[in-house]
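Participant: My structure is stored as work_22.txt, with compact mmCIF, C-alpha atoms.
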```txt
# COMPACT_ATOMS: atom_id res chain seq x y z
CA MET A 1 31.27 73.58 -24.82
CA THR A 2 29.16 76.56 -23.77
CA ALA A 3 25.59 76.23 -22.54
CA ALA A 4 24.40 78.13 -25.62
CA ALA A 5 26.17 75.67 -27.93
CA ARG A 6 24.62 72.68 -26.10
CA THR A 7 21.15 74.24 -26.31
CA SER A 8 21.67 75.02 -30.00
CA ARG A 9 22.68 71.42 -30.70
CA ARG A 10 19.64 70.01 -28.83
CA ASP A 11 17.33 72.40 -30.69
CA ARG A 12 18.45 70.88 -33.97
CA VAL A 13 17.15 67.44 -33.01
CA PRO A 14 13.36 67.45 -33.19
CA PRO A 15 11.35 65.55 -30.56
CA HIS A 16 10.57 61.90 -31.17
CA PRO A 17 7.95 59.79 -29.40
CA GLU A 18 9.03 56.85 -27.27
CA MET A 19 8.03 53.47 -28.71
CA GLY A 20 5.69 52.81 -25.79
CA GLU A 21 3.74 55.96 -26.71
CA ILE A 22 3.18 54.93 -30.33
CA GLY A 23 -0.19 53.44 -31.16
CA LEU A 24 -1.02 51.29 -34.15
CA GLN A 25 -3.77 53.67 -35.33
CA GLN A 26 -1.35 56.60 -35.44
CA VAL A 27 1.11 54.53 -37.48
CA LEU A 28 -1.56 53.34 -39.91
CA ASP A 29 -2.86 56.91 -40.30
CA ALA A 30 0.67 58.04 -41.22
CA LEU A 31 1.11 55.20 -43.71
CA VAL A 32 -2.18 55.78 -45.53
CA ASP A 33 -0.53 58.37 -47.79
CA PRO A 34 1.40 56.98 -50.80
CA VAL A 35 4.14 59.65 -50.52
CA ARG A 36 4.82 58.65 -46.92
CA ARG A 37 4.83 54.96 -47.86
CA ARG A 38 7.38 55.81 -50.53
CA ILE A 39 9.60 57.53 -47.97
CA VAL A 40 9.36 54.51 -45.65
CA ALA A 41 10.12 52.12 -48.55
CA GLU A 42 13.17 54.18 -49.59
CA LEU A 43 14.53 54.27 -46.04
CA TYR A 44 13.84 50.54 -45.61
CA ALA A 45 15.71 49.70 -48.82
CA ALA A 46 18.61 52.04 -48.05
CA GLY A 47 19.30 50.55 -44.66
CA GLU A 48 21.04 53.79 -43.66
CA ASP A 49 20.18 57.37 -42.82
CA LEU A 50 19.17 59.49 -45.81
CA ALA A 51 18.94 63.24 -46.21
CA CYS A 52 15.48 64.55 -47.04
CA GLY A 53 16.62 65.81 -50.43
CA THR A 54 18.01 62.45 -51.55
CA ILE A 55 14.56 60.86 -51.71
CA GLU A 56 12.86 61.88 -54.94
CA LEU A 57 9.25 62.76 -54.25
CA PRO A 58 6.51 64.04 -56.58
CA VAL A 59 5.69 66.94 -54.24
CA SER A 60 7.05 70.37 -53.38
CA LYS A 61 9.77 70.79 -50.76
CA SER A 62 7.30 72.21 -48.23
CA THR A 63 4.90 69.31 -48.77
CA ALA A 64 7.78 66.83 -48.42
CA THR A 65 8.70 68.52 -45.13
CA HIS A 66 5.12 67.97 -43.95
CA HIS A 67 5.29 64.27 -44.86
CA PHE A 68 8.57 63.81 -42.97
CA HIS A 69 7.02 65.60 -39.98
CA VAL A 70 4.00 63.25 -39.98
CA LEU A 71 6.29 60.20 -40.12
CA ARG A 72 8.39 61.55 -37.24
CA GLU A 73 5.33 62.37 -35.12
CA ALA A 74 4.00 58.84 -35.74
CA GLY A 75 7.35 57.49 -34.54
CA LEU A 76 8.31 55.83 -37.82
CA ILE A 77 11.48 57.85 -38.37
CA ARG A 78 14.14 59.63 -36.34
CA GLN A 79 15.60 62.86 -37.65
CA HIS A 80 18.89 64.56 -36.87
CA TYR A 81 21.24 66.98 -38.54
CA ALA A 82 24.54 66.15 -40.17
CA GLY A 83 25.98 69.53 -41.04
CA THR A 84 23.21 71.33 -42.87
CA SER A 85 21.37 68.17 -43.97
CA ARG A 86 18.41 66.82 -42.06
CA MET A 87 18.94 63.09 -41.92
CA ASN A 88 16.19 60.49 -41.63
CA ALA A 89 16.45 57.03 -40.12
CA LEU A 90 13.71 54.42 -40.18
CA ARG A 91 13.14 53.04 -36.69
CA ARG A 92 13.20 49.57 -38.20
CA GLU A 93 14.40 47.47 -35.25
CA GLU A 94 12.18 49.29 -32.78
CA PHE A 95 9.14 48.79 -35.00
CA GLU A 96 9.95 45.14 -35.54
CA GLU A 97 9.84 44.67 -31.76
CA ARG A 98 6.63 46.65 -31.25
CA PHE A 99 4.73 45.68 -34.43
CA PRO A 100 6.40 42.54 -35.86
CA GLY A 101 6.24 42.34 -39.66
CA LEU A 102 4.38 45.63 -40.13
CA LEU A 103 7.10 47.56 -41.96
CA ARG A 104 7.99 44.58 -44.17
CA ALA A 105 4.32 44.19 -45.13
CA VAL A 106 4.00 47.91 -45.92
CA VAL A 107 7.17 47.91 -48.02
CA ASP A 108 6.13 44.73 -49.87
CA ALA A 109 2.72 46.23 -50.67
CA HIS A 110 4.35 49.46 -51.82
CA ASP A 111 6.77 47.56 -54.08
CA ARG A 112 3.92 45.60 -55.68
CA ALA A 113 1.86 48.77 -56.37
```
Translate the structure described by the file into structure tokens.
Facilitator:
Amino acid sequence: MTAAARTSRRDRVPPHPEMGEIGLQQVLDALVDPVRRRIVAELYAAGEDLACGTIELPVSKSTATHHFHVLREAGLIRQHYAGTSRMNALRREEFEERFPGLLRAVVDAHDRA
């Protein structure tokens, strides 16, 4: 594989914070928005990586992109490409270690709303 191909592949994986860098306030700020809670709930229920477009959201594509970005910056999701699709994975196990029960509580509250 050429150096250009390796660089191109790395460029397609956006940066993600390490779990030790993620603070509770940042996570709660990200989860305050109902659209972002919906994304988290969908990923939690799916239990697998989902493409951005497979989660039905009541917002435009550009606004949805913003919401995914906020979730990634807060460390809640990991994103990568599979072909031309940007895939999203909830960092469920990592969050359970760092903030036990938080994601389950958020998803339960979202489901009741």
Participant: When you count only C-alpha atoms, which of these residues is closest to Met19 (chain A): A:Leu76, A:Ala109, A:Leu57, A:Leu71?
Facilitator: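 With only C-alpha atoms as the atom set, the closest residue is A:Leu76.
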Participant: Residues of region 10-77 of chain A that have any atom at most 10 Å from an atom of region 93-103 of chain A: could you tabulate them with the shortest-distance atom pair and the distance in Å to one decimal, using only C-alpha atoms, ordered by chain and increasing number, as CSV?
Facilitator:
```
residue,atom,partner,partner_atom,distance
A:Glu18,CA,A:Glu94,CA,9.9
A:Met19,CA,A:Glu94,CA,7.2
A:Gly20,CA,A:Arg98,CA,8.3
A:Ile22,CA,A:Arg98,CA,9.0
A:Gly23,CA,A:Arg98,CA,9.6
A:Leu24,CA,A:Phe99,CA,8.0
A:Val27,CA,A:Leu102,CA,9.8
A:Leu28,CA,A:Leu102,CA,9.7
A:Leu31,CA,A:Leu103,CA,9.9
A:Arg37,CA,A:Leu103,CA,9.7
A:Val40,CA,A:Leu103,CA,8.2
A:Ala41,CA,A:Leu103,CA,8.6
A:Tyr44,CA,A:Leu103,CA,8.2
A:Gly75,CA,A:Phe95,CA,8.9
A:Leu76,CA,A:Phe95,CA,7.6
A:Ile77,CA,A:Phe95,CA,9.9
```
Participant: Keeping only C-alpha atoms, write those residues as a PDB file, in the frame of the given file.
Facilitator:
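File written: result-v7.pdb
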```
ATOM      1  CA  GLU A  18       9.030  56.850 -27.270  1.00  0.00           C
ATOM      2  CA  MET A  19       8.030  53.470 -28.710  1.00  0.00           C
ATOM      3  CA  GLY A  20       5.690  52.810 -25.790  1.00  0.00           C
ATOM      4  CA  ILE A  22       3.180  54.930 -30.330  1.00  0.00           C
ATOM      5  CA  GLY A  23      -0.190  53.440 -31.160  1.00  0.00           C
ATOM      6  CA  LEU A  24      -1.020  51.290 -34.150  1.00  0.00           C
ATOM      7  CA  VAL A  27       1.110  54.530 -37.480  1.00  0.00           C
ATOM      8  CA  LEU A  28      -1.560  53.340 -39.910  1.00  0.00           C
ATOM      9  CA  LEU A  31       1.110  55.200 -43.710  1.00  0.00           C
ATOM     10  CA  ARG A  37       4.830  54.960 -47.860  1.00  0.00           C
ATOM     11  CA  VAL A  40       9.360  54.510 -45.650  1.00  0.00           C
ATOM     12  CA  ALA A  41      10.120  52.120 -48.550  1.00  0.00           C
ATOM     13  CA  TYR A  44      13.840  50.540 -45.610  1.00  0.00           C
ATOM     14  CA  GLY A  75       7.350  57.490 -34.540  1.00  0.00           C
ATOM     15  CA  LEU A  76       8.310  55.830 -37.820  1.00  0.00           C
ATOM     16  CA  ILE A  77      11.480  57.850 -38.370  1.00  0.00           C
TER      17      ILE A  77
END
```
Participant: Rank nothing, just name the residue among A:His80, A:Arg86, A:Arg72, A:Arg36 nearest to Gly53 (chain A), using all atoms listed in the file.
Facilitator: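 For Gly53 (chain A), the nearest of the given residues is A:Arg86.
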Participant: Tell me which protein, DNA and RNA residues are within 12 Å of Glu42 (chain A), counting only C-alpha atoms, leaving out same-chain ones fewer than 2 positions away, and put them as a PyMOL selection string.
Facilitator: chain A and resi 35-40+44-52+54-57+77+88-90+103+106-108+110-111
Participant: Hey, can you check how far CA of Ala30 (chain A) sits from CA of His66 (chain A)?
Facilitator: 11.2 Å
Participant: Go through A:Lys61, A:Arg92, A:His16, A:Arg104 one by one, measure the shortest atom-to-atom distance of each to Ala74 (chain A) using all atoms listed in the file, and give the residue with the smallest value.
Facilitator: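 Of A:Lys61, A:Arg92, A:His16, A:Arg104, the one nearest Ala74 (chain A) is A:His16, counting all atoms listed in the file.
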Participant: Any idea what the distance is between CA of Glu21 (chain A) and CA of Leu43 (chain A)?
Facilitator: 22.2 Å
Participant: Mind pulling up the distance from CA of Thr84 (chain A) to CA of Ser62 (chain A)?
Facilitator: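 Computing the Euclidean distance for CA of Ser62 (chain A) and CA of Thr84 (chain A) yields 16.8 Å.
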